[in-house]
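> This is model-v7.pdb, which holds PDB, C-alpha atoms and all ligand atoms:
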ATOM      1  CA  MET L 230     -59.760  -3.904 -15.372
ATOM      2  CA  LEU L 231     -59.109  -5.467 -12.014
ATOM      3  CA  LEU L 232     -56.405  -7.867 -13.178
ATOM      4  CA  ARG L 233     -54.363  -5.067 -14.729
ATOM      5  CA  ARG L 234     -53.961  -3.484 -11.309
ATOM      6  CA  ARG L 235     -50.765  -4.930  -9.930
ATOM      7  CA  GLU L 236     -51.713  -4.028  -6.364
ATOM      8  CA  SER L 237     -54.742  -6.296  -6.465
ATOM      9  CA  TRP L 238     -52.887  -9.585  -6.788
ATOM     10  CA  SER L 239     -49.160  -9.090  -6.815
ATOM     11  CA  GLY L 240     -46.718 -10.427  -4.269
ATOM     12  CA  LYS L 241     -43.808  -8.474  -5.669
ATOM     13  CA  LEU L 242     -42.932  -5.025  -6.886
ATOM     14  CA  ILE L 243     -40.551  -4.974  -9.819
ATOM     15  CA  ARG L 244     -38.331  -1.937  -9.762
ATOM     16  CA  ALA L 245     -35.421  -0.773 -11.850
ATOM     17  CA  LYS L 246     -32.484   1.492 -11.226
ATOM     18  CA  LEU L 247     -31.871   3.955 -14.049
ATOM     19  CA  GLU L 248     -28.631   5.463 -15.324
ATOM     20  CA  ASN L 249     -29.383   8.692 -13.460
ATOM     21  CA  GLY L 250     -29.671   6.787 -10.162
ATOM     22  CA  GLU L 251     -33.461   7.044  -9.991
ATOM     23  CA  VAL L 252     -35.369   3.912  -8.886
ATOM     24  CA  VAL L 253     -38.656   3.389 -10.712
ATOM     25  CA  THR L 254     -41.403   0.756 -10.692
ATOM     26  CA  LEU L 255     -41.595  -1.268 -13.890
ATOM     27  CA  GLU L 256     -45.253  -1.222 -14.825
ATOM     28  CA  LYS L 257     -47.132  -3.943 -16.612
ATOM     29  CA  ASP L 258     -47.318  -3.225 -20.345
ATOM     30  CA  CYS L 259     -49.457  -6.082 -21.668
ATOM     31  CA  ASP L 260     -52.741  -7.891 -21.019
ATOM     32  CA  CYS L 261     -51.240 -11.174 -19.785
ATOM     33  CA  VAL L 262     -52.726 -12.399 -16.513
ATOM     34  CA  ILE L 263     -49.883 -14.828 -15.749
ATOM     35  CA  HIS L 264     -47.096 -12.412 -14.851
ATOM     36  CA  GLU L 265     -46.215  -9.078 -13.282
ATOM     37  CA  GLY L 266     -44.158  -6.251 -14.702
ATOM     38  CA  PRO L 267     -43.235  -5.629 -18.311
ATOM     39  CA  HIS L 268     -43.636  -8.363 -20.902
ATOM     40  CA  TRP L 269     -39.984  -8.281 -22.035
ATOM     41  CA  LEU L 270     -38.852  -9.079 -18.492
ATOM     42  CA  TYR L 271     -41.286 -11.984 -18.272
ATOM     43  CA  MET L 272     -39.975 -13.346 -21.591
ATOM     44  CA  ASP L 273     -36.423 -13.099 -20.263
ATOM     45  CA  ASP L 274     -37.427 -15.114 -17.215
ATOM     46  CA  MET L 275     -39.094 -17.736 -19.432
ATOM     47  CA  ASP L 276     -35.969 -18.009 -21.594
ATOM     48  CA  LYS L 277     -33.866 -18.406 -18.454
ATOM     49  CA  LYS L 278     -36.104 -21.265 -17.310
ATOM     50  CA  LEU L 279     -35.968 -22.835 -20.780
ATOM     51  CA  ASN L 280     -32.159 -22.752 -20.638
ATOM     52  CA  ALA L 281     -32.017 -24.319 -17.167
ATOM     53  CA  PRO L 282     -32.003 -27.967 -18.348
ATOM     54  CA  LEU L 283     -29.060 -27.184 -20.645
ATOM     55  CA  ARG L 284     -27.279 -25.604 -17.693
ATOM     56  CA  GLU L 285     -27.844 -28.755 -15.637
ATOM     57  CA  ARG L 286     -26.414 -30.933 -18.402
ATOM     58  CA  ALA L 287     -23.455 -28.573 -18.804
ATOM     59  CA  MET L 288     -22.799 -28.751 -15.051
ATOM     60  CA  ARG L 289     -22.665 -32.541 -15.373
ATOM     61  CA  GLY L 290     -19.818 -32.114 -17.862
ATOM     62  CA  GLU L 291     -21.517 -32.658 -21.210
ATOM     63  CA  PRO L 292     -19.370 -30.600 -23.617
ATOM     64  CA  LEU L 293     -22.094 -30.149 -26.251
ATOM     65  CA  ALA L 294     -24.580 -29.042 -23.604
ATOM     66  CA  PHE L 295     -22.070 -26.508 -22.317
ATOM     67  CA  LYS L 296     -21.696 -24.979 -25.784
ATOM     68  CA  ALA L 297     -25.452 -24.960 -26.372
ATOM     69  CA  PHE L 298     -26.091 -23.404 -22.961
ATOM     70  CA  ALA L 299     -23.460 -20.706 -23.537
ATOM     71  CA  GLU L 300     -24.977 -19.831 -26.917
ATOM     72  CA  ALA L 301     -28.537 -19.773 -25.549
ATOM     73  CA  GLU L 302     -27.515 -17.550 -22.640
ATOM     74  CA  LEU L 303     -25.622 -15.202 -24.963
ATOM     75  CA  ARG L 304     -28.818 -14.766 -26.977
ATOM     76  CA  ARG L 305     -30.960 -14.262 -23.861
ATOM     77  CA  LEU L 306     -28.600 -11.816 -22.191
ATOM     78  CA  GLY L 307     -28.037  -9.906 -25.438
ATOM     79  CA  ALA L 308     -31.788  -9.385 -25.802
ATOM     80  CA  LYS L 309     -32.124  -8.416 -22.128
ATOM     81  CA  ARG L 310     -29.252  -5.955 -22.375
ATOM     82  CA  SER L 311     -30.809  -4.324 -25.402
ATOM     83  CA  GLU L 312     -34.195  -3.964 -23.634
ATOM     84  CA  MET L 313     -32.491  -2.489 -20.572
ATOM     85  CA  GLU L 314     -30.327  -0.078 -22.583
ATOM     86  CA  ARG L 315     -33.374   1.115 -24.526
ATOM     87  CA  ARG L 316     -34.912   2.144 -21.176
ATOM     88  CA  SER L 317     -31.671   3.394 -19.522
ATOM     89  CA  ILE L 318     -31.984   0.620 -16.910
ATOM     90  CA  THR L 319     -28.795  -0.406 -15.099
ATOM     91  CA  ALA L 320     -30.298  -2.942 -12.665
ATOM     92  CA  ILE L 321     -33.534  -4.852 -12.061
ATOM     93  CA  LEU L 322     -34.629  -4.849  -8.420
ATOM     94  CA  LEU L 323     -37.224  -7.212  -6.986
ATOM     95  CA  GLU L 324     -38.708  -6.508  -3.603
ATOM     96  CA  ALA L 325     -41.534  -7.919  -1.553
ATOM     97  CA  ASN L 326     -44.602  -5.741  -1.116
TER      98      ASN L 326
HETATM   99 ZN    ZN X 401     -47.262 -10.150 -20.908
END
Represent the supplied structure as structure tokens.

Amino acid sequence: MLLRRRESWSGKLIRAKLENGEVVTLEKDCDCVIHEGPHWLYMDDMDKKLNAPLRERAMRGEPLAFKAFAEAELRRLGAKRSEMERRSITAILLEAN
């Protein structure tokens, strides 16, 4: 399938650094046509964007928004950490093709 080939339409390579120091490319693992790389990383990015309005409100000094943003980010980062640990990933690296 043409659209599953990252090279055919991607502007970015998504790489990861592993615990052993190796740098690997994170391959697409789903049939979505709206994102690159693994699905869990896309979902993390979506959650980050969903939390952005709360962050803006928190930055304006709304105490309840600050608490809600902190809780939402704790959930997002906890899930991301667990996905990364499962794959022995220590860092996500984005680079232009
Ligand atoms: Zn996907």
> One number please: CA of Leu283 in chain L to CA of Phe298 in chain L, in Å, one decimal.
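Value for the CA of Leu283 in chain L-CA of Phe298 in chain L distance: 5.3 Å.
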> Taking every listed atom of range 286-302 of chain L and adding 8 Å to each side, what centre and edge lengths in Å (one decimal) does the axis-aligned box have, as AutoDock Vina command-line options?

--center_x -24.0 --center_y -25.1 --center_z -21.0 --size_x 25.2 --size_y 31.1 --size_z 27.9
> In Å, with one decimal, what is the gap from CA of Glu248 in chain L to CA of Asp274 in chain L?
22.5 Å
> Give the residue list for ligand ZN 401 (chain X) at 12 Å, counting only C-alpha atoms and all ligand atoms, as JSON, numbers by chain, sorted by chain and then by residue number.
{"L": [233, 256, 257, 258, 259, 260, 261, 262, 263, 264, 265, 266, 267, 268, 269, 270, 271, 272, 273, 274, 275]}
> Report the distance between CA of Leu303 in chain L and CA of Ala287 in chain L in Å, rounded to one decimal place.
14.9 Å
> Would you please work out which residue, of L:Leu323, L:Leu279, L:Ala301, L:Leu293, is nearest to Val252 in chain L when using all atoms listed in the file?
L:Leu323
> Check the smallest atom-to-atom distance from each of L:Lys296, L:Lys277, L:Arg286, L:Arg316 to Asn249 in chain L using all atoms listed in the file, then report the winner.
L:Arg316
> Got a sec: who's within 12 Å of Gly250 in chain L, counting only C-alpha atoms, leaving out chain neighbours fewer than 5 positions off, as a compact mmCIF listing (two decimals) with C-alpha atoms, keeping the file's coordinate frame?

# COMPACT_ATOMS: atom_id res chain seq x y z
CA ALA L 245 -35.42 -0.77 -11.85
CA SER L 317 -31.67 3.39 -19.52
CA ILE L 318 -31.98 0.62 -16.91
CA THR L 319 -28.80 -0.41 -15.10
CA ALA L 320 -30.30 -2.94 -12.66
> Could you check which of L:Glu251, L:Lys246, L:Lys309, L:Glu285 is closest to Ala297 in chain L, using only C-alpha atoms?
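Closest to Ala297 in chain L, using only C-alpha atoms: L:Glu285.
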> Can you take the partial range 242-274 of chain L, add N, CA and C atoms, and return it as a PDB file, keeping the file's coordinate frame?

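Here's the written file result02.pdb:
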ATOM      1  N   LEU L 242     -43.069  -6.234  -6.081  1.00  0.00           N
ATOM      2  CA  LEU L 242     -42.932  -5.025  -6.886  1.00  0.00           C
ATOM      3  C   LEU L 242     -41.660  -5.187  -7.699  1.00  0.00           C
ATOM      4  N   ILE L 243     -41.738  -4.884  -8.981  1.00  0.00           N
ATOM      5  CA  ILE L 243     -40.551  -4.974  -9.819  1.00  0.00           C
ATOM      6  C   ILE L 243     -40.073  -3.557 -10.074  1.00  0.00           C
ATOM      7  N   ARG L 244     -38.890  -3.274  -9.602  1.00  0.00           N
ATOM      8  CA  ARG L 244     -38.331  -1.937  -9.762  1.00  0.00           C
ATOM      9  C   ARG L 244     -37.059  -2.011 -10.582  1.00  0.00           C
ATOM     10  N   ALA L 245     -36.662  -0.857 -11.083  1.00  0.00           N
ATOM     11  CA  ALA L 245     -35.421  -0.773 -11.850  1.00  0.00           C
ATOM     12  C   ALA L 245     -34.659   0.466 -11.437  1.00  0.00           C
ATOM     13  N   LYS L 246     -33.338   0.335 -11.453  1.00  0.00           N
ATOM     14  CA  LYS L 246     -32.484   1.492 -11.226  1.00  0.00           C
ATOM     15  C   LYS L 246     -32.068   2.020 -12.592  1.00  0.00           C
ATOM     16  N   LEU L 247     -32.206   3.334 -12.762  1.00  0.00           N
ATOM     17  CA  LEU L 247     -31.871   3.955 -14.049  1.00  0.00           C
ATOM     18  C   LEU L 247     -30.462   4.539 -14.027  1.00  0.00           C
ATOM     19  N   GLU L 248     -29.988   4.906 -15.211  1.00  0.00           N
ATOM     20  CA  GLU L 248     -28.631   5.463 -15.324  1.00  0.00           C
ATOM     21  C   GLU L 248     -28.443   6.698 -14.456  1.00  0.00           C
ATOM     22  N   ASN L 249     -29.506   7.471 -14.263  1.00  0.00           N
ATOM     23  CA  ASN L 249     -29.383   8.692 -13.460  1.00  0.00           C
ATOM     24  C   ASN L 249     -29.526   8.424 -11.955  1.00  0.00           C
ATOM     25  N   GLY L 250     -29.605   7.140 -11.574  1.00  0.00           N
ATOM     26  CA  GLY L 250     -29.671   6.787 -10.162  1.00  0.00           C
ATOM     27  C   GLY L 250     -31.095   6.655  -9.630  1.00  0.00           C
ATOM     28  N   GLU L 251     -32.062   7.115 -10.413  1.00  0.00           N
ATOM     29  CA  GLU L 251     -33.461   7.044  -9.991  1.00  0.00           C
ATOM     30  C   GLU L 251     -33.925   5.586  -9.952  1.00  0.00           C
ATOM     31  N   VAL L 252     -34.769   5.248  -8.966  1.00  0.00           N
ATOM     32  CA  VAL L 252     -35.369   3.912  -8.886  1.00  0.00           C
ATOM     33  C   VAL L 252     -36.841   4.048  -9.251  1.00  0.00           C
ATOM     34  N   VAL L 253     -37.275   3.283 -10.238  1.00  0.00           N
ATOM     35  CA  VAL L 253     -38.656   3.389 -10.712  1.00  0.00           C
ATOM     36  C   VAL L 253     -39.322   2.014 -10.665  1.00  0.00           C
ATOM     37  N   THR L 254     -40.647   2.001 -10.603  1.00  0.00           N
ATOM     38  CA  THR L 254     -41.403   0.756 -10.692  1.00  0.00           C
ATOM     39  C   THR L 254     -41.621   0.415 -12.154  1.00  0.00           C
ATOM     40  N   LEU L 255     -41.354  -0.832 -12.513  1.00  0.00           N
ATOM     41  CA  LEU L 255     -41.595  -1.268 -13.890  1.00  0.00           C
ATOM     42  C   LEU L 255     -43.044  -1.717 -13.997  1.00  0.00           C
ATOM     43  N   GLU L 256     -43.824  -0.954 -14.722  1.00  0.00           N
ATOM     44  CA  GLU L 256     -45.253  -1.222 -14.825  1.00  0.00           C
ATOM     45  C   GLU L 256     -45.538  -2.314 -15.847  1.00  0.00           C
ATOM     46  N   LYS L 257     -46.662  -2.948 -15.665  1.00  0.00           N
ATOM     47  CA  LYS L 257     -47.132  -3.943 -16.612  1.00  0.00           C
ATOM     48  C   LYS L 257     -47.466  -3.242 -17.924  1.00  0.00           C
ATOM     49  N   ASP L 258     -47.099  -3.871 -19.057  1.00  0.00           N
ATOM     50  CA  ASP L 258     -47.318  -3.225 -20.345  1.00  0.00           C
ATOM     51  C   ASP L 258     -48.054  -4.136 -21.333  1.00  0.00           C
ATOM     52  N   CYS L 259     -48.757  -5.137 -20.798  1.00  0.00           N
ATOM     53  CA  CYS L 259     -49.457  -6.082 -21.668  1.00  0.00           C
ATOM     54  C   CYS L 259     -50.730  -6.543 -20.961  1.00  0.00           C
ATOM     55  N   ASP L 260     -51.491  -7.405 -21.606  1.00  0.00           N
ATOM     56  CA  ASP L 260     -52.741  -7.891 -21.019  1.00  0.00           C
ATOM     57  C   ASP L 260     -52.625  -9.290 -20.431  1.00  0.00           C
ATOM     58  N   CYS L 261     -51.418  -9.834 -20.365  1.00  0.00           N
ATOM     59  CA  CYS L 261     -51.240 -11.174 -19.785  1.00  0.00           C
ATOM     60  C   CYS L 261     -51.725 -11.174 -18.328  1.00  0.00           C
ATOM     61  N   VAL L 262     -52.305 -12.298 -17.913  1.00  0.00           N
ATOM     62  CA  VAL L 262     -52.726 -12.399 -16.513  1.00  0.00           C
ATOM     63  C   VAL L 262     -51.803 -13.342 -15.740  1.00  0.00           C
ATOM     64  N   ILE L 263     -50.741 -13.823 -16.391  1.00  0.00           N
ATOM     65  CA  ILE L 263     -49.883 -14.828 -15.749  1.00  0.00           C
ATOM     66  C   ILE L 263     -48.576 -14.263 -15.227  1.00  0.00           C
ATOM     67  N   HIS L 264     -48.347 -12.962 -15.362  1.00  0.00           N
ATOM     68  CA  HIS L 264     -47.096 -12.412 -14.851  1.00  0.00           C
ATOM     69  C   HIS L 264     -47.267 -10.960 -14.448  1.00  0.00           C
ATOM     70  N   GLU L 265     -46.285 -10.473 -13.713  1.00  0.00           N
ATOM     71  CA  GLU L 265     -46.215  -9.078 -13.282  1.00  0.00           C
ATOM     72  C   GLU L 265     -45.199  -8.342 -14.134  1.00  0.00           C
ATOM     73  N   GLY L 266     -45.201  -7.048 -14.055  1.00  0.00           N
ATOM     74  CA  GLY L 266     -44.158  -6.251 -14.702  1.00  0.00           C
ATOM     75  C   GLY L 266     -44.238  -6.285 -16.212  1.00  0.00           C
ATOM     76  N   PRO L 267     -43.231  -5.729 -16.851  1.00  0.00           N
ATOM     77  CA  PRO L 267     -43.235  -5.629 -18.311  1.00  0.00           C
ATOM     78  C   PRO L 267     -43.067  -6.988 -18.998  1.00  0.00           C
ATOM     79  N   HIS L 268     -43.636  -7.097 -20.174  1.00  0.00           N
ATOM     80  CA  HIS L 268     -43.636  -8.363 -20.902  1.00  0.00           C
ATOM     81  C   HIS L 268     -42.220  -8.832 -21.250  1.00  0.00           C
ATOM     82  N   TRP L 269     -41.348  -7.883 -21.644  1.00  0.00           N
ATOM     83  CA  TRP L 269     -39.984  -8.281 -22.035  1.00  0.00           C
ATOM     84  C   TRP L 269     -39.245  -8.929 -20.882  1.00  0.00           C
ATOM     85  N   LEU L 270     -39.525  -8.506 -19.653  1.00  0.00           N
ATOM     86  CA  LEU L 270     -38.852  -9.079 -18.492  1.00  0.00           C
ATOM     87  C   LEU L 270     -39.386 -10.485 -18.208  1.00  0.00           C
ATOM     88  N   TYR L 271     -40.687 -10.653 -18.416  1.00  0.00           N
ATOM     89  CA  TYR L 271     -41.286 -11.984 -18.272  1.00  0.00           C
ATOM     90  C   TYR L 271     -40.683 -12.950 -19.293  1.00  0.00           C
ATOM     91  N   MET L 272     -40.545 -12.485 -20.547  1.00  0.00           N
ATOM     92  CA  MET L 272     -39.975 -13.346 -21.591  1.00  0.00           C
ATOM     93  C   MET L 272     -38.531 -13.727 -21.253  1.00  0.00           C
ATOM     94  N   ASP L 273     -37.797 -12.790 -20.673  1.00  0.00           N
ATOM     95  CA  ASP L 273     -36.423 -13.099 -20.263  1.00  0.00           C
ATOM     96  C   ASP L 273     -36.422 -14.198 -19.213  1.00  0.00           C
ATOM     97  N   ASP L 274     -37.343 -14.107 -18.263  1.00  0.00           N
ATOM     98  CA  ASP L 274     -37.427 -15.114 -17.215  1.00  0.00           C
ATOM     99  C   ASP L 274     -37.793 -16.481 -17.804  1.00  0.00           C
TER     100      ASP L 274
END
